[in-house]
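Trainee: Structure file structure.pdb (PDB, C-alpha atoms) is given on the next line.
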```pdb
ATOM      1  CA  GLN A   1      10.664 -10.247  10.695
ATOM      2  CA  VAL A   2       9.048  -9.321   7.375
ATOM      3  CA  HIS A   3      11.035  -7.734   4.569
ATOM      4  CA  LEU A   4       9.199  -5.559   2.039
ATOM      5  CA  VAL A   5      10.529  -4.223  -1.249
ATOM      6  CA  GLU A   6       8.563  -1.820  -3.455
ATOM      7  CA  SER A   7       9.048  -1.279  -7.163
ATOM      8  CA  GLY A   8       7.258   0.253 -10.120
ATOM      9  CA  GLY A   9       7.392   3.945  -9.364
ATOM     10  CA  GLY A  10       8.308   6.545 -11.962
ATOM     11  CA  LEU A  11       7.311   9.660 -13.842
ATOM     12  CA  VAL A  12       3.964   9.743 -15.632
ATOM     13  CA  GLN A  13       1.755  12.411 -17.148
ATOM     14  CA  ALA A  14      -1.571  13.310 -15.583
ATOM     15  CA  GLY A  15      -4.223  10.841 -16.664
ATOM     16  CA  GLY A  16      -1.707   8.047 -17.023
ATOM     17  CA  SER A  17      -1.282   4.792 -15.122
ATOM     18  CA  LEU A  18       1.349   3.013 -13.047
ATOM     19  CA  ARG A  19       1.421  -0.292 -11.213
ATOM     20  CA  LEU A  20       3.384  -0.574  -7.997
ATOM     21  CA  SER A  21       4.551  -3.905  -6.601
ATOM     22  CA  CYS A  22       5.518  -4.893  -3.076
ATOM     23  CA  ALA A  23       7.404  -8.152  -2.629
ATOM     24  CA  ALA A  24       7.155  -9.667   0.849
ATOM     25  CA  SER A  25       9.596 -12.173   2.341
ATOM     26  CA  GLY A  26      10.515 -13.539   5.733
ATOM     27  CA  ARG A  27       7.966 -14.471   8.401
ATOM     28  CA  THR A  28       4.861 -13.515   6.432
ATOM     29  CA  VAL A  29       2.705 -16.305   7.864
ATOM     30  CA  ASN A  30       1.420 -14.020  10.648
ATOM     31  CA  THR A  31       0.536 -11.134   8.359
ATOM     32  CA  TYR A  32      -2.996  -9.859   8.980
ATOM     33  CA  ALA A  33      -3.062  -7.047   6.443
ATOM     34  CA  MET A  34      -0.871  -5.132   4.063
ATOM     35  CA  ALA A  35      -1.334  -1.588   2.928
ATOM     36  CA  TRP A  36      -0.067   1.228   0.769
ATOM     37  CA  PHE A  37       0.707   4.612   2.237
ATOM     38  CA  ARG A  38       2.175   7.702   0.585
ATOM     39  CA  GLN A  39       4.070  10.738   1.748
ATOM     40  CA  ALA A  40       4.491  13.975  -0.150
ATOM     41  CA  PRO A  41       7.229  16.471   0.795
ATOM     42  CA  GLY A  42       6.376  18.328   3.982
ATOM     43  CA  GLN A  43       3.298  16.222   4.630
ATOM     44  CA  GLU A  44       2.463  13.359   6.930
ATOM     45  CA  ARG A  45       2.335   9.802   5.677
ATOM     46  CA  GLU A  46      -1.220   9.094   4.563
ATOM     47  CA  PHE A  47      -3.220   5.931   4.034
ATOM     48  CA  VAL A  48      -3.972   4.892   0.453
ATOM     49  CA  ALA A  49      -5.355   1.339   0.496
ATOM     50  CA  THR A  50      -5.305  -1.875   2.502
ATOM     51  CA  PHE A  51      -5.806  -5.588   1.803
ATOM     52  CA  ILE A  52      -6.845  -8.070   4.507
ATOM     53  CA  TRP A  53      -4.493 -10.931   3.784
ATOM     54  CA  SER A  54      -6.721 -13.870   4.703
ATOM     55  CA  GLY A  55     -10.115 -12.710   3.487
ATOM     56  CA  GLY A  56      -9.191 -10.471   0.595
ATOM     57  CA  ASN A  57     -11.271  -7.516   1.796
ATOM     58  CA  THR A  58     -10.031  -4.114   0.717
ATOM     59  CA  ASP A  59     -10.451  -0.510   1.776
ATOM     60  CA  TYR A  60      -9.395   2.751   0.127
ATOM     61  CA  ALA A  61      -8.875   6.374   0.974
ATOM     62  CA  ASP A  62     -11.616   8.541  -0.489
ATOM     63  CA  SER A  63      -9.064  10.406  -2.591
ATOM     64  CA  VAL A  64      -8.192   7.277  -4.606
ATOM     65  CA  LYS A  65     -11.478   5.355  -4.708
ATOM     66  CA  GLY A  66     -12.428   4.448  -8.253
ATOM     67  CA  ARG A  67      -8.916   5.159  -9.545
ATOM     68  CA  PHE A  68      -6.611   2.821  -7.574
ATOM     69  CA  THR A  69      -6.946  -0.933  -7.087
ATOM     70  CA  ILE A  70      -5.055  -2.965  -4.493
ATOM     71  CA  SER A  71      -4.518  -6.659  -5.146
ATOM     72  CA  ARG A  72      -2.355  -9.629  -4.278
ATOM     73  CA  ASP A  73      -0.935 -12.559  -6.230
ATOM     74  CA  ASN A  74      -2.047 -16.116  -5.508
ATOM     75  CA  THR A  75       1.208 -17.002  -3.768
ATOM     76  CA  LYS A  76       0.499 -14.269  -1.184
ATOM     77  CA  THR A  77       3.997 -12.910  -1.588
ATOM     78  CA  THR A  78       3.391  -9.850  -3.733
ATOM     79  CA  MET A  79       0.958  -6.981  -3.377
ATOM     80  CA  TYR A  80       0.104  -4.540  -6.132
ATOM     81  CA  LEU A  81      -1.347  -1.084  -6.470
ATOM     82  CA  GLN A  82      -2.782  -0.319  -9.881
ATOM     83  CA  MET A  83      -3.053   3.445 -10.215
ATOM     84  CA  ASN A  84      -5.158   4.869 -13.041
ATOM     85  CA  SER A  85      -6.226   8.415 -13.917
ATOM     86  CA  LEU A  86      -3.266   9.756 -12.012
ATOM     87  CA  LYS A  87      -3.297  13.369 -10.862
ATOM     88  CA  PRO A  88      -0.438  15.702  -9.921
ATOM     89  CA  GLU A  89      -1.620  15.530  -6.317
ATOM     90  CA  ASP A  90      -0.849  11.803  -6.325
ATOM     91  CA  THR A  91       2.852  12.680  -6.447
ATOM     92  CA  ALA A  92       4.556  11.179  -3.401
ATOM     93  CA  VAL A  93       6.809   8.434  -2.145
ATOM     94  CA  TYR A  94       4.679   5.315  -1.906
ATOM     95  CA  TYR A  95       5.355   2.795   0.860
ATOM     96  CA  CYS A  96       4.006  -0.670   1.451
ATOM     97  CA  ALA A  97       3.445  -1.861   4.994
ATOM     98  CA  ALA A  98       2.534  -5.067   6.781
ATOM     99  CA  LYS A  99       0.602  -5.584   9.987
ATOM    100  CA  THR A 100       1.038  -8.657  12.164
ATOM    101  CA  GLY A 101      -2.185 -10.305  13.276
ATOM    102  CA  PHE A 102      -3.071 -11.852  16.627
ATOM    103  CA  PRO A 103      -6.156 -13.790  17.794
ATOM    104  CA  GLY A 104      -8.984 -11.309  17.677
ATOM    105  CA  THR A 105      -7.427  -8.914  15.179
ATOM    106  CA  SER A 106     -10.143  -7.700  12.834
ATOM    107  CA  GLY A 107     -11.237  -4.739  10.761
ATOM    108  CA  TYR A 108      -9.331  -2.230   8.699
ATOM    109  CA  PHE A 109      -6.266  -0.358   9.893
ATOM    110  CA  THR A 110      -5.553   2.988   8.275
ATOM    111  CA  ARG A 111      -2.966   4.664  10.515
ATOM    112  CA  ALA A 112       0.732   4.336   9.828
ATOM    113  CA  ASN A 113       1.550   3.601  13.478
ATOM    114  CA  GLN A 114      -0.645   0.504  13.318
ATOM    115  CA  TYR A 115       1.740  -1.246  10.912
ATOM    116  CA  ASP A 116       4.812  -3.172  11.963
ATOM    117  CA  TYR A 117       6.964  -3.441   8.840
ATOM    118  CA  TRP A 118       7.736  -1.012   6.047
ATOM    119  CA  GLY A 119       9.445  -0.992   2.691
ATOM    120  CA  GLN A 120      11.930   1.620   1.587
ATOM    121  CA  GLY A 121       9.450   3.443  -0.668
ATOM    122  CA  THR A 122       9.187   4.160  -4.374
ATOM    123  CA  GLN A 123       8.780   7.621  -5.912
ATOM    124  CA  VAL A 124       5.727   8.392  -8.028
ATOM    125  CA  THR A 125       5.729  11.711  -9.871
ATOM    126  CA  VAL A 126       2.738  12.867 -11.899
ATOM    127  CA  SER A 127       3.332  15.814 -14.205
ATOM    128  CA  SER A 128       0.564  18.180 -15.240
TER     129      SER A 128
END
```
Would you mind giving the structure from this file in structure tokens?
Mentor:
Amino acid sequence: QVHLVESGGGLVQAGGSLRLSCAASGRTVNTYAMAWFRQAPGQEREFVATFIWSGGNTDYADSVKGRFTISRDNTKTTMYLQMNSLKPEDTAVYYCAAKTGFPGTSGYFTRANQYDYWGQGTQVTVSS
């Protein structure tokens, strides 16, 4: 079991920045990748960015490329999402997620149903 806790959300004006954190605990040794998703009211949960835990490769949704950066600390227990040049359309609840790896697991995973563990979410609101 992996336990994830997000923090860092808040209210920011358009053009501003926020950094989200996701602290991971429990049986993280089998984690293949972690990711950020977001969900706005009335919309489906959408992929934002992912980090391959062993290799450090990253992938982003087109809507956030060049503005958001996903990273991890050296202890491999905390993941971050640095969000710059925020827009009102970035307003959503942001969730971190973890995917368990098995022999042969490879590539990027961008669908919510491909992840095994989820945090409780943190609200990001961008005012215009």
Trainee: Distance CA of Asp62 (chain A)-CA of Phe47 (chain A), one decimal place?
Mentor: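 So the two atoms, CA of Asp62 (chain A) and CA of Phe47 (chain A), lie 9.9 Å apart.
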Trainee: Could you write out as a PDB file with C-alpha atoms, in the coordinates of the input the residues that the PyMOL selection byres ((chain A and resi 88) around 8) matches in the shown file?
Mentor:
```pdb
ATOM      1  CA  ALA A  14      -1.571  13.310 -15.583  1.00  0.00           C
ATOM      2  CA  LEU A  86      -3.266   9.756 -12.012  1.00  0.00           C
ATOM      3  CA  LYS A  87      -3.297  13.369 -10.862  1.00  0.00           C
ATOM      4  CA  GLU A  89      -1.620  15.530  -6.317  1.00  0.00           C
ATOM      5  CA  ASP A  90      -0.849  11.803  -6.325  1.00  0.00           C
ATOM      6  CA  THR A  91       2.852  12.680  -6.447  1.00  0.00           C
ATOM      7  CA  THR A 125       5.729  11.711  -9.871  1.00  0.00           C
ATOM      8  CA  VAL A 126       2.738  12.867 -11.899  1.00  0.00           C
ATOM      9  CA  SER A 127       3.332  15.814 -14.205  1.00  0.00           C
ATOM     10  CA  SER A 128       0.564  18.180 -15.240  1.00  0.00           C
TER      11      SER A 128
END
```
Trainee: Could you list the residues chosen by the PyMOL selection byres ((chain A and resi 64-79) around 8) in this structure as an mmCIF file with C-alpha atoms, in the frame of the given file?
Mentor:
```
data_model
loop_
_atom_site.group_PDB
_atom_site.id
_atom_site.type_symbol
_atom_site.label_atom_id
_atom_site.label_comp_id
_atom_site.auth_asym_id
_atom_site.auth_seq_id
_atom_site.Cartn_x
_atom_site.Cartn_y
_atom_site.Cartn_z
ATOM 1 C CA SER A 21 4.551 -3.905 -6.601
ATOM 2 C CA CYS A 22 5.518 -4.893 -3.076
ATOM 3 C CA ALA A 23 7.404 -8.152 -2.629
ATOM 4 C CA ALA A 24 7.155 -9.667 0.849
ATOM 5 C CA SER A 25 9.596 -12.173 2.341
ATOM 6 C CA MET A 34 -0.871 -5.132 4.063
ATOM 7 C CA VAL A 48 -3.972 4.892 0.453
ATOM 8 C CA ALA A 49 -5.355 1.339 0.496
ATOM 9 C CA THR A 50 -5.305 -1.875 2.502
ATOM 10 C CA PHE A 51 -5.806 -5.588 1.803
ATOM 11 C CA TRP A 53 -4.493 -10.931 3.784
ATOM 12 C CA THR A 58 -10.031 -4.114 0.717
ATOM 13 C CA TYR A 60 -9.395 2.751 0.127
ATOM 14 C CA ALA A 61 -8.875 6.374 0.974
ATOM 15 C CA ASP A 62 -11.616 8.541 -0.489
ATOM 16 C CA SER A 63 -9.064 10.406 -2.591
ATOM 17 C CA TYR A 80 0.104 -4.540 -6.132
ATOM 18 C CA LEU A 81 -1.347 -1.084 -6.470
ATOM 19 C CA GLN A 82 -2.782 -0.319 -9.881
ATOM 20 C CA MET A 83 -3.053 3.445 -10.215
ATOM 21 C CA ASN A 84 -5.158 4.869 -13.041
ATOM 22 C CA SER A 85 -6.226 8.415 -13.917
ATOM 23 C CA LEU A 86 -3.266 9.756 -12.012
#
```
Trainee: Can you spell out as number ranges by chain the set of residues that the PyMOL selection byres ((chain A and resi 8) around 8) selects in the structure I just provided?
Mentor: A: 6-7, 9-10, 18-21, 122
Trainee: Report, in Å with one decimal, the straight-line distance from CA of Val93 (chain A) to CA of Leu4 (chain A).
Mentor: 14.8 Å
Trainee: Within 10 Å of (3.2, -6.0, 10.0) (coordinates as in the file), grab all the protein and nucleic acid residues, counting all atoms listed in the file, and write them out as a list in words.
Mentor: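 In the file's frame, the residues around the point are Gln1, Val2, His3, Leu4, Arg27, Thr28, Asn30, Thr31, Tyr32, Ala33, Met34, Ala35, Ala97, Ala98, Lys99, Thr100, Gly101, Gln114, Tyr115, Asp116, Tyr117 and Trp118 of chain A.
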Trainee: Quick one: pull the distance between CA of Asn113 (chain A) and CA of Ser17 (chain A), Å, one decimal.
Mentor: 28.8 Å
Trainee: Point out the residue among A:Trp36, A:Gln123, A:Gly55, A:Thr110 with the least atom-to-atom distance to Tyr95 (chain A), counting only C-alpha atoms.
Mentor: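 Closest to Tyr95 (chain A) of all the choices is A:Trp36.
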Trainee: Residues near Glu44 (chain A), anyone? I mean within 12 Å using all atoms listed in the file, not counting same-chain ones fewer than 4 positions away, as a list in words.
Mentor: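 Selected residues are Phe37, Arg38, Gln39, Ala40, Ala92, Val93, Arg111, Ala112 and Asn113 of chain A.
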Trainee: To test the calculation: enclose all listed atoms of region 36-51 of chain A in a box whose edges run along x, y and z, add 3 Å on each side, then state centre and edge lengths in Å to one decimal, as lines of an AutoDock Vina configuration file.
Mentor:
```
center_x = 0.7
center_y = 6.4
center_z = 3.4
size_x = 19.0
size_y = 29.9
size_z = 13.1
```
